[in-house]
file protein_15.cif (mmCIF, C-alpha atoms and all ligand atoms)
data_coords
loop_
_atom_site.label_atom_id
_atom_site.label_comp_id
_atom_site.auth_asym_id
_atom_site.auth_seq_id
_atom_site.Cartn_x
_atom_site.Cartn_y
_atom_site.Cartn_z
CA MET A 1 -35.85 -6.15 13.10
CA THR A 2 -35.15 -7.84 9.75
CA ARG A 3 -36.74 -11.06 8.63
CA LEU A 4 -33.40 -12.82 9.11
CA ASP A 5 -33.24 -11.65 12.74
CA THR A 6 -36.75 -12.99 13.34
CA ILE A 7 -35.85 -16.40 11.97
CA THR A 8 -32.46 -16.86 13.59
CA GLU A 9 -32.83 -15.31 17.06
CA PRO A 10 -34.80 -18.07 18.85
CA ARG A 11 -32.58 -20.81 17.36
CA ALA A 12 -29.39 -18.95 18.31
CA ALA A 13 -30.65 -18.40 21.87
CA LYS A 14 -31.44 -22.11 22.31
CA SER A 15 -28.08 -23.38 21.06
CA ALA A 16 -26.34 -20.65 23.06
CA GLN A 17 -27.87 -21.89 26.28
CA THR A 18 -26.83 -25.46 25.52
CA ALA A 19 -23.23 -24.50 24.77
CA ALA A 20 -22.94 -22.30 27.84
CA GLU A 21 -24.23 -25.12 30.03
CA ARG A 22 -21.88 -27.60 28.40
CA PHE A 23 -18.82 -25.49 29.14
CA GLY A 24 -19.95 -24.46 32.60
CA VAL A 25 -20.27 -20.75 31.86
CA MET A 26 -23.91 -19.80 32.27
CA GLU A 27 -23.83 -16.05 31.80
CA ARG A 28 -21.14 -13.45 31.36
CA GLN A 29 -22.14 -11.75 34.61
CA GLU A 30 -21.55 -15.02 36.47
CA LEU A 31 -17.86 -14.99 35.60
CA LYS A 32 -16.13 -14.36 38.92
CA TYR A 33 -12.62 -13.36 39.98
CA THR A 34 -12.17 -16.25 42.41
CA PRO A 35 -8.92 -17.09 44.25
CA ALA A 36 -8.43 -19.95 41.74
CA VAL A 37 -8.85 -17.59 38.76
CA ALA A 38 -6.43 -15.10 40.37
CA ARG A 39 -3.85 -17.86 40.96
CA GLU A 40 -4.15 -19.43 37.51
CA THR A 41 -3.94 -16.12 35.61
CA ALA A 42 -1.21 -14.47 37.72
CA HIS A 43 1.57 -15.36 35.24
CA LEU A 44 -0.48 -13.85 32.39
CA TYR A 45 -1.02 -10.62 34.28
CA GLU A 46 2.76 -10.19 34.47
CA ARG A 47 2.78 -9.86 30.64
CA VAL A 48 0.29 -6.99 30.62
CA ARG A 49 0.84 -5.24 33.94
CA ASN A 50 2.31 -2.18 32.16
CA HIS A 51 -0.95 -1.73 30.24
CA ILE A 52 -3.71 -2.94 32.58
CA PRO A 53 -3.88 -1.40 36.09
CA GLU A 54 -3.94 -4.02 38.86
CA ILE A 55 -7.34 -2.77 39.99
CA GLU A 56 -8.81 -3.63 36.54
CA TRP A 57 -7.36 -7.15 36.22
CA PRO A 58 -10.29 -8.78 38.12
CA VAL A 59 -12.51 -7.68 35.21
CA TYR A 60 -10.25 -9.22 32.53
CA ALA A 61 -9.02 -12.33 34.35
CA PRO A 62 -12.30 -14.35 34.45
CA TYR A 63 -12.60 -14.00 30.66
CA VAL A 64 -8.96 -14.92 30.09
CA HIS A 65 -9.38 -17.93 32.37
CA ALA A 66 -12.62 -19.12 30.73
CA ILE A 67 -11.31 -18.60 27.18
CA ASN A 68 -8.09 -20.52 27.82
CA ARG A 69 -10.00 -23.40 29.39
CA ILE A 70 -12.74 -23.64 26.77
CA LYS A 71 -10.45 -23.29 23.75
CA LYS A 72 -8.64 -26.46 24.88
CA GLU A 73 -11.90 -28.32 25.41
CA ARG A 74 -13.18 -27.18 22.01
CA GLY A 75 -9.91 -27.94 20.22
CA ALA A 76 -9.60 -24.35 19.00
CA ALA A 77 -6.57 -22.18 18.26
CA ILE A 78 -6.68 -18.41 18.73
CA LEU A 79 -4.80 -16.37 16.13
CA ALA A 80 -4.30 -12.68 16.91
CA HIS A 81 -3.08 -9.87 14.70
CA ASN A 82 -0.31 -7.55 15.92
CA TYR A 83 -2.92 -4.77 16.29
CA GLN A 84 -5.05 -6.62 18.85
CA THR A 85 -5.13 -5.28 22.41
CA PRO A 86 -2.49 -6.56 24.90
CA GLU A 87 -4.91 -8.77 26.91
CA ILE A 88 -5.78 -10.63 23.67
CA PHE A 89 -2.27 -10.60 22.21
CA HIS A 90 -0.50 -11.74 25.40
CA CYS A 91 -3.13 -13.63 27.40
CA VAL A 92 -5.30 -15.74 25.07
CA ALA A 93 -3.59 -15.87 21.64
CA ASP A 94 -1.83 -19.08 20.63
CA ILE A 95 -0.21 -17.38 17.65
CA ALA A 96 0.31 -13.67 16.97
CA GLY A 97 1.60 -12.03 13.82
CA ASP A 98 0.72 -10.14 10.65
CA SER A 99 -2.13 -11.23 8.40
CA LEU A 100 -0.09 -13.47 6.13
CA GLN A 101 1.78 -15.11 9.02
CA LEU A 102 -1.56 -15.88 10.65
CA ALA A 103 -3.01 -17.43 7.49
CA ARG A 104 0.10 -19.58 7.06
CA GLU A 105 0.13 -20.60 10.72
CA ALA A 106 -3.53 -21.57 10.46
CA THR A 107 -2.48 -24.30 8.00
CA LEU A 108 0.08 -25.65 10.50
CA VAL A 109 -1.92 -25.85 13.74
CA ASP A 110 -3.50 -29.20 14.64
CA GLU A 111 -6.73 -27.62 15.86
CA GLN A 112 -9.70 -27.79 13.50
CA ILE A 113 -11.27 -24.58 14.82
CA ILE A 114 -9.54 -21.25 14.22
CA ILE A 115 -10.67 -18.16 16.12
CA GLN A 116 -9.34 -15.24 14.08
CA CYS A 117 -8.81 -12.14 16.21
CA GLY A 118 -8.41 -9.55 13.51
CA VAL A 119 -10.57 -8.14 10.73
CA HIS A 120 -12.77 -9.95 8.25
CA PHE A 121 -10.41 -10.14 5.26
CA MET A 122 -7.84 -11.85 7.51
CA ALA A 123 -10.36 -14.48 8.57
CA GLU A 124 -11.29 -14.98 4.91
CA THR A 125 -7.63 -15.44 3.96
CA SER A 126 -7.23 -18.02 6.73
CA LYS A 127 -10.37 -19.77 5.52
CA LEU A 128 -9.37 -19.97 1.88
CA LEU A 129 -6.03 -21.52 2.86
CA ASN A 130 -7.79 -23.89 5.27
CA MET A 131 -11.10 -24.81 3.67
CA GLU A 132 -11.43 -27.98 5.76
CA LYS A 133 -11.19 -26.04 9.04
CA THR A 134 -13.86 -24.00 10.81
CA VAL A 135 -12.77 -20.36 10.90
CA LEU A 136 -14.61 -18.06 13.30
CA ILE A 137 -14.37 -14.30 13.77
CA PRO A 138 -15.64 -12.90 17.09
CA ASP A 139 -17.24 -9.90 15.35
CA ALA A 140 -18.11 -10.25 11.67
CA LYS A 141 -18.52 -6.46 11.45
CA ALA A 142 -14.75 -6.00 11.95
CA GLY A 143 -14.04 -4.58 8.50
CA CYS A 144 -11.22 -2.56 6.95
CA SER A 145 -11.29 0.69 4.98
CA LEU A 146 -8.74 -0.69 2.51
CA SER A 147 -10.46 -3.99 1.90
CA GLU A 148 -13.83 -2.27 1.53
CA SER A 149 -12.52 0.27 -1.00
CA ILE A 150 -12.73 -2.24 -3.86
CA THR A 151 -14.87 -5.16 -5.04
CA GLY A 152 -14.34 -8.04 -7.43
CA ALA A 153 -16.54 -6.23 -9.95
CA ASP A 154 -14.24 -3.17 -9.75
CA VAL A 155 -11.23 -5.36 -10.57
CA ARG A 156 -13.02 -6.90 -13.56
CA LEU A 157 -13.67 -3.37 -14.87
CA LEU A 158 -10.00 -2.46 -14.37
CA LYS A 159 -8.96 -5.56 -16.32
CA GLU A 160 -11.29 -4.54 -19.17
CA ARG A 161 -9.78 -1.07 -19.18
CA TYR A 162 -6.16 -2.29 -18.99
CA PRO A 163 -6.19 -5.60 -20.89
CA GLY A 164 -3.10 -7.72 -20.37
CA VAL A 165 -1.79 -5.61 -17.47
CA PRO A 166 -0.91 -7.90 -14.52
CA VAL A 167 -2.98 -7.36 -11.38
CA VAL A 168 -1.10 -7.36 -8.08
CA THR A 169 -3.42 -7.14 -5.10
CA TYR A 170 -2.55 -6.39 -1.51
CA VAL A 171 -3.54 -9.12 0.97
CA ASN A 172 -5.82 -6.56 2.66
CA THR A 173 -8.65 -7.45 0.28
CA SER A 174 -11.67 -9.73 0.18
CA ALA A 175 -11.59 -13.23 -1.33
CA ASP A 176 -13.69 -11.87 -4.26
CA VAL A 177 -10.94 -9.38 -5.10
CA LYS A 178 -8.15 -11.92 -4.63
CA ALA A 179 -10.00 -14.24 -7.04
CA GLU A 180 -9.60 -11.62 -9.81
CA THR A 181 -5.89 -11.23 -9.07
CA ASP A 182 -2.74 -12.58 -10.73
CA VAL A 183 -0.56 -12.47 -7.60
CA CYS A 184 -1.16 -11.13 -4.09
CA CYS A 185 1.44 -9.08 -2.23
CA THR A 186 2.18 -7.91 1.29
CA SER A 187 3.66 -4.59 2.31
CA SER A 188 7.08 -6.26 2.59
CA ASN A 189 7.18 -7.99 -0.81
CA ALA A 190 5.12 -5.64 -3.03
CA VAL A 191 8.18 -4.39 -4.96
CA ALA A 192 9.47 -7.91 -5.60
CA VAL A 193 6.03 -9.14 -6.70
CA CYS A 194 5.60 -6.22 -9.15
CA GLU A 195 9.09 -6.82 -10.53
CA SER A 196 8.41 -10.52 -11.05
CA PHE A 197 6.32 -9.66 -14.15
CA GLU A 198 7.86 -8.91 -17.56
CA SER A 199 5.20 -6.28 -18.25
CA ASP A 200 6.36 -2.64 -17.93
CA THR A 201 3.01 -1.67 -16.42
CA ILE A 202 1.45 -3.20 -13.30
CA LEU A 203 -1.89 -2.66 -11.60
CA CYS A 204 -1.00 -2.54 -7.88
CA ILE A 205 -4.28 -2.23 -5.96
CA PRO A 206 -6.13 -1.13 -3.86
CA ASP A 207 -3.75 0.82 -1.57
CA GLU A 208 -2.79 4.05 -3.34
CA TYR A 209 -0.01 4.89 -0.87
CA LEU A 210 1.52 1.42 -0.90
CA ALA A 211 1.51 1.61 -4.72
CA MET A 212 3.15 5.06 -4.63
CA ASN A 213 5.81 3.72 -2.26
CA VAL A 214 6.38 0.78 -4.63
CA ALA A 215 6.61 3.13 -7.64
CA ARG A 216 9.53 4.91 -5.95
CA GLN A 217 11.48 1.67 -5.85
CA THR A 218 10.90 0.28 -9.35
CA SER A 219 11.22 1.49 -12.94
CA LYS A 220 7.84 -0.04 -13.83
CA LYS A 221 4.76 2.08 -14.37
CA ILE A 222 2.47 1.43 -11.40
CA LEU A 223 -1.26 1.99 -11.81
CA THR A 224 -3.34 1.99 -8.66
CA TRP A 225 -6.69 2.60 -6.93
CA LYS A 226 -7.87 5.18 -4.38
CA GLY A 227 -7.98 2.87 -1.37
CA HIS A 228 -6.47 4.01 1.92
CA CYS A 229 -6.00 2.64 5.42
CA GLU A 230 -7.90 5.01 7.69
CA VAL A 231 -5.32 4.54 10.44
CA HIS A 232 -2.12 5.10 8.44
CA GLU A 233 -3.46 7.93 6.26
CA ARG A 234 -3.79 10.11 9.39
CA PHE A 235 -0.03 10.39 9.95
CA THR A 236 1.72 13.40 8.44
CA ALA A 237 5.35 14.14 7.71
CA GLU A 238 5.01 17.42 9.65
CA GLU A 239 4.04 15.72 12.92
CA LEU A 240 6.88 13.20 12.58
CA LEU A 241 9.41 15.93 11.85
CA ALA A 242 8.25 17.71 15.01
CA TYR A 243 9.13 14.56 17.00
CA LYS A 244 12.56 14.46 15.32
CA GLU A 245 13.13 18.11 16.05
CA ALA A 246 12.28 17.60 19.72
CA ASP A 247 14.58 14.55 19.94
CA PRO A 248 17.01 13.94 17.03
CA THR A 249 17.95 10.52 18.49
CA ILE A 250 14.45 9.09 18.07
CA GLU A 251 14.10 6.40 15.37
CA ILE A 252 10.94 6.63 13.29
CA ILE A 253 9.67 3.41 11.78
CA GLY A 254 6.78 3.56 9.33
CA HIS A 255 4.33 1.20 7.67
CA PRO A 256 4.14 1.42 3.85
CA GLU A 257 0.38 2.09 4.04
CA CYS A 258 1.43 5.65 5.03
CA HIS A 259 1.73 8.43 2.46
CA PRO A 260 5.15 8.48 0.69
CA ASP A 261 5.91 11.87 2.31
CA VAL A 262 5.62 10.15 5.70
CA ILE A 263 7.79 7.21 4.62
CA ALA A 264 10.39 9.69 3.34
CA VAL A 265 11.04 10.94 6.89
CA CYS A 266 11.17 7.43 8.42
CA ASP A 267 14.43 5.67 9.32
CA TYR A 268 12.94 2.32 8.30
CA SER A 269 9.77 1.14 6.59
CA GLY A 270 8.30 -2.37 6.56
CA SER A 271 5.36 -4.63 7.35
CA THR A 272 4.26 -4.99 10.97
CA SER A 273 6.50 -8.07 11.32
CA GLY A 274 9.36 -6.20 9.64
CA MET A 275 8.91 -3.31 12.08
CA ILE A 276 8.93 -5.65 15.08
CA ASN A 277 12.06 -7.44 13.85
CA TYR A 278 13.78 -4.12 13.18
CA VAL A 279 13.18 -2.95 16.77
CA LYS A 280 14.27 -6.31 18.21
CA ASP A 281 17.42 -6.43 16.08
CA THR A 282 18.57 -2.80 16.39
CA ARG A 283 17.24 -1.88 19.89
CA PRO A 284 17.05 1.88 19.34
CA PRO A 285 16.86 3.74 22.70
CA ARG A 286 13.72 5.66 21.61
CA VAL A 287 11.42 4.61 18.83
CA LEU A 288 8.20 5.85 17.28
CA LEU A 289 6.15 3.22 15.42
CA VAL A 290 4.08 4.92 12.73
CA THR A 291 1.26 2.40 12.80
CA GLU A 292 -1.70 1.22 14.89
CA CYS A 293 -0.73 1.99 18.48
CA SER A 294 -1.53 -1.37 20.11
CA MET A 295 1.50 -2.83 18.35
CA ALA A 296 3.91 -0.77 20.44
CA SER A 297 2.11 -1.89 23.62
CA ASN A 298 2.33 -5.51 22.50
CA ILE A 299 6.06 -5.60 21.84
CA GLU A 300 7.13 -3.21 24.61
CA SER A 301 7.57 -6.00 27.16
CA GLU A 302 9.69 -8.04 24.72
CA VAL A 303 12.32 -5.36 24.08
CA GLU A 304 13.66 -4.06 27.36
CA GLY A 305 15.59 -0.82 27.19
CA VAL A 306 13.60 0.57 24.25
CA GLU A 307 11.33 3.52 24.98
CA PHE A 308 8.25 3.68 22.77
CA VAL A 309 6.74 7.03 21.82
CA LYS A 310 3.11 6.43 20.87
CA PRO A 311 1.12 8.76 18.65
CA CYS A 312 -2.05 6.78 19.33
CA ASN A 313 -3.96 5.99 16.15
CA LEU A 314 -6.28 3.07 16.87
CA CYS A 315 -8.03 0.93 14.26
CA PRO A 316 -11.73 0.92 15.20
CA HIS A 317 -12.26 -2.33 13.28
CA MET A 318 -9.52 -4.22 15.15
CA LYS A 319 -10.94 -2.90 18.42
CA ARG A 320 -14.29 -4.59 17.73
CA ILE A 321 -12.64 -7.81 18.90
CA THR A 322 -12.89 -8.12 22.68
CA LEU A 323 -12.52 -10.84 25.31
CA PRO A 324 -16.32 -11.20 25.83
CA LYS A 325 -16.81 -11.63 22.07
CA ILE A 326 -14.01 -14.23 21.88
CA LEU A 327 -15.70 -16.15 24.70
CA ASP A 328 -19.04 -15.98 22.85
CA SER A 329 -17.31 -17.15 19.69
CA LEU A 330 -15.94 -20.22 21.50
CA LEU A 331 -19.20 -21.00 23.24
CA TYR A 332 -21.57 -20.51 20.34
CA MET A 333 -19.23 -21.13 17.37
CA THR A 334 -19.90 -17.67 15.93
CA GLU A 335 -19.38 -16.02 13.48
CA GLU A 336 -18.38 -18.68 10.99
CA VAL A 337 -16.50 -17.36 7.96
CA VAL A 338 -17.75 -18.89 4.72
CA VAL A 339 -16.06 -18.52 1.32
CA ASP A 340 -17.59 -19.88 -1.88
CA PRO A 341 -15.32 -22.83 -2.84
CA ALA A 342 -15.07 -21.64 -6.48
CA VAL A 343 -13.97 -18.16 -5.33
CA ALA A 344 -11.65 -19.69 -2.74
CA ASP A 345 -9.89 -21.85 -5.37
CA ARG A 346 -9.07 -18.81 -7.53
CA ALA A 347 -8.17 -16.57 -4.59
CA ARG A 348 -5.93 -19.26 -3.11
CA LEU A 349 -3.97 -19.45 -6.37
CA ALA A 350 -3.16 -15.72 -6.12
CA VAL A 351 -1.94 -16.14 -2.54
CA GLU A 352 0.04 -19.30 -3.35
CA ARG A 353 1.73 -17.65 -6.35
CA MET A 354 2.98 -14.96 -3.98
CA VAL A 355 4.17 -17.48 -1.40
CA ASN A 356 5.96 -19.47 -4.11
CA LEU A 357 7.77 -16.45 -5.58
CA LYS A 358 11.50 -16.69 -5.00
CA ASN A 359 12.14 -13.26 -3.48
S1 LIG B 1 -5.28 -0.73 10.41
FE1 LIG B 1 -5.96 -0.03 8.37
S2 LIG B 1 -5.47 -1.73 6.98
FE2 LIG B 1 -5.43 -2.55 9.09
S3 LIG B 1 -7.50 -3.32 9.43
FE3 LIG B 1 -7.47 -1.21 10.22
S4 LIG B 1 -8.22 0.01 8.49
FE4 LIG B 1 -7.61 -1.98 7.63
#
call {"tool": "encode", "arguments": {"input": "protein_15.cif", "output": "structure tokens", "more": "lines below"}}
Ligand code: SF4
result
Amino acid sequence: MTRLDTITEPRAAKSAQTAAERFGVMERQELKYTPAVARETAHLYERVRNHIPEIEWPVYAPYVHAINRIKKERGAAILAHNYQTPEIFHCVADIAGDSLQLAREATLVDEQIIIQCGVHFMAETSKLLNMEKTVLIPDAKAGCSLSESITGADVRLLKERYPGVPVVTYVNTSADVKAETDVCCTSSNAVAVCESFESDTILCIPDEYLAMNVARQTSKKILTWKGHCEVHERFTAEELLAYKEADPTIEIIGHPECHPDVIAVCDYSGSTSGMINYVKDTRPPRVLLVTECSMASNIESEVEGVEFVKPCNLCPHMKRITLPKILDSLLYMTEEVVVDPAVADRARLAVERMVNLKN
């Protein structure tokens, strides 16, 4: 046990008990699947019945019921990323979307408490755009291989090595990294952001594959970093071609965090929101989403007549967020995301410059 654990444990336990009593939920094991809970969650079960067997719903429903009740009493809004599991995405989230949509939406909701169901850099981005609000993440250990591939100090070294070269940073980065950045980008606007500079050379970091995909679409020289998404880097062109060979009618839709060889065999490539819109607009009979596999489960019920083929690559960081942890977050106001105001001011500028770009 660390010194910090020794100091904080008794205090946390005391405040936890008080909050649990206040909201009428004493212990997790006391959550019961009562007739009232069954009745009041029945409409939510309809949204997830294709993913959660009926026999398992009594385990989920008491959490869903308690979370939806307590979030109203607390004045909290739950924001969930497209990669969250269906019971979070469909049953407790107030807003669902990609990381940038969630950060923007966080500025629009009336609630002063934001529960960010996603990974840590997303909660940080929401916080730096909403410094006056309390932003909580149900598991502060929910990281990201891309975000963790680079630090603010690394970016300062890059700027020393390439003086005057504009720095474009993917939103999947920490506030420290964003603070060293000229303009942030998303997977959908990375080309436009790089082309918005007069410079012939751009540092597009930290996602090597996103940068390589950008380089194919611009005449600028793109310098990058060796960061990768551990979910998207696992897909290969060979496995996708095998799907195509087995069924030439299947549409393959890829995320630009995949290797360029993978994107080359896709019928469409875009951000998670872009992928969802593509499926909704074009309604292909069979589709394979080359991304985290919860996304297909989440949109399946919204696009009838589309069959989803799911090569199941899960993000272990996204899956750290669970209903019990969301309930704890609401009860005990944990874990609060804190960003140094000086860092937040600089990081916010990089995000706002991106938002203000006329694409
Ligand atoms: S899917 Fe990839 S980019 Fe997204 S949070 Fe997980 S590791 Fe990071």
call {"tool": "closest_atom_pairs", "arguments": {"input": "protein_15.cif", "of": "range 181-281 of chain A", "to": "range 139-159 of chain A", "cutoff": "10 Å", "atoms": "only C-alpha atoms", "output": "tab-separated table"}}
result
residue	atom	partner	partner_atom	distance
A:Thr181	CA	A:Val155	CA	8.1
A:Leu203	CA	A:Leu158	CA	8.6
A:Ile205	CA	A:Ile150	CA	8.7
A:Pro206	CA	A:Ile150	CA	6.7
A:Asp207	CA	A:Leu146	CA	6.6
A:Glu208	CA	A:Leu146	CA	9.6
A:Thr224	CA	A:Leu158	CA	9.8
A:Trp225	CA	A:Ile150	CA	8.3
A:Lys226	CA	A:Ser149	CA	7.6
A:Gly227	CA	A:Ser149	CA	5.2
A:His228	CA	A:Leu146	CA	5.3
A:Cys229	CA	A:Leu146	CA	5.2
A:Glu230	CA	A:Ser145	CA	6.1
A:Val231	CA	A:Ser145	CA	9.0
A:Glu257	CA	A:Leu146	CA	9.7
call {"tool": "closest_residue", "arguments": {"input": "protein_15.cif", "among": "A:Tyr209, A:Tyr243, A:Trp57, A:Phe197", "to": "Leu357 in chain A", "atoms": "all atoms listed in the file"}}
result
A:Phe197
call {"tool": "closest_residue", "arguments": {"input": "protein_15.cif", "among": "A:Ala264, A:Cys184, A:Ile299, A:Val193", "to": "Glu352 in chain A", "atoms": "only C-alpha atoms"}}
result
A:Cys184
call {"tool": "closest_residue", "arguments": {"input": "protein_15.cif", "among": "A:Thr173, A:Ser196, A:Asn277, A:Gln217", "to": "ligand LIG 1 (chain B)", "atoms": "only C-alpha atoms and all ligand atoms"}}
result
A:Thr173
call {"tool": "closest_residue", "arguments": {"input": "protein_15.cif", "among": "A:Ile70, A:Cys258, A:Ala93, A:Leu136", "to": "ligand LIG 1 (chain B)", "atoms": "all atoms listed in the file"}}
result
A:Cys258
call {"tool": "atom_distance", "arguments": {"input": "protein_15.cif", "atom1": "CA of Pro324 in chain A", "atom2": "CA of Leu289 in chain A"}}
result
28.7 Å
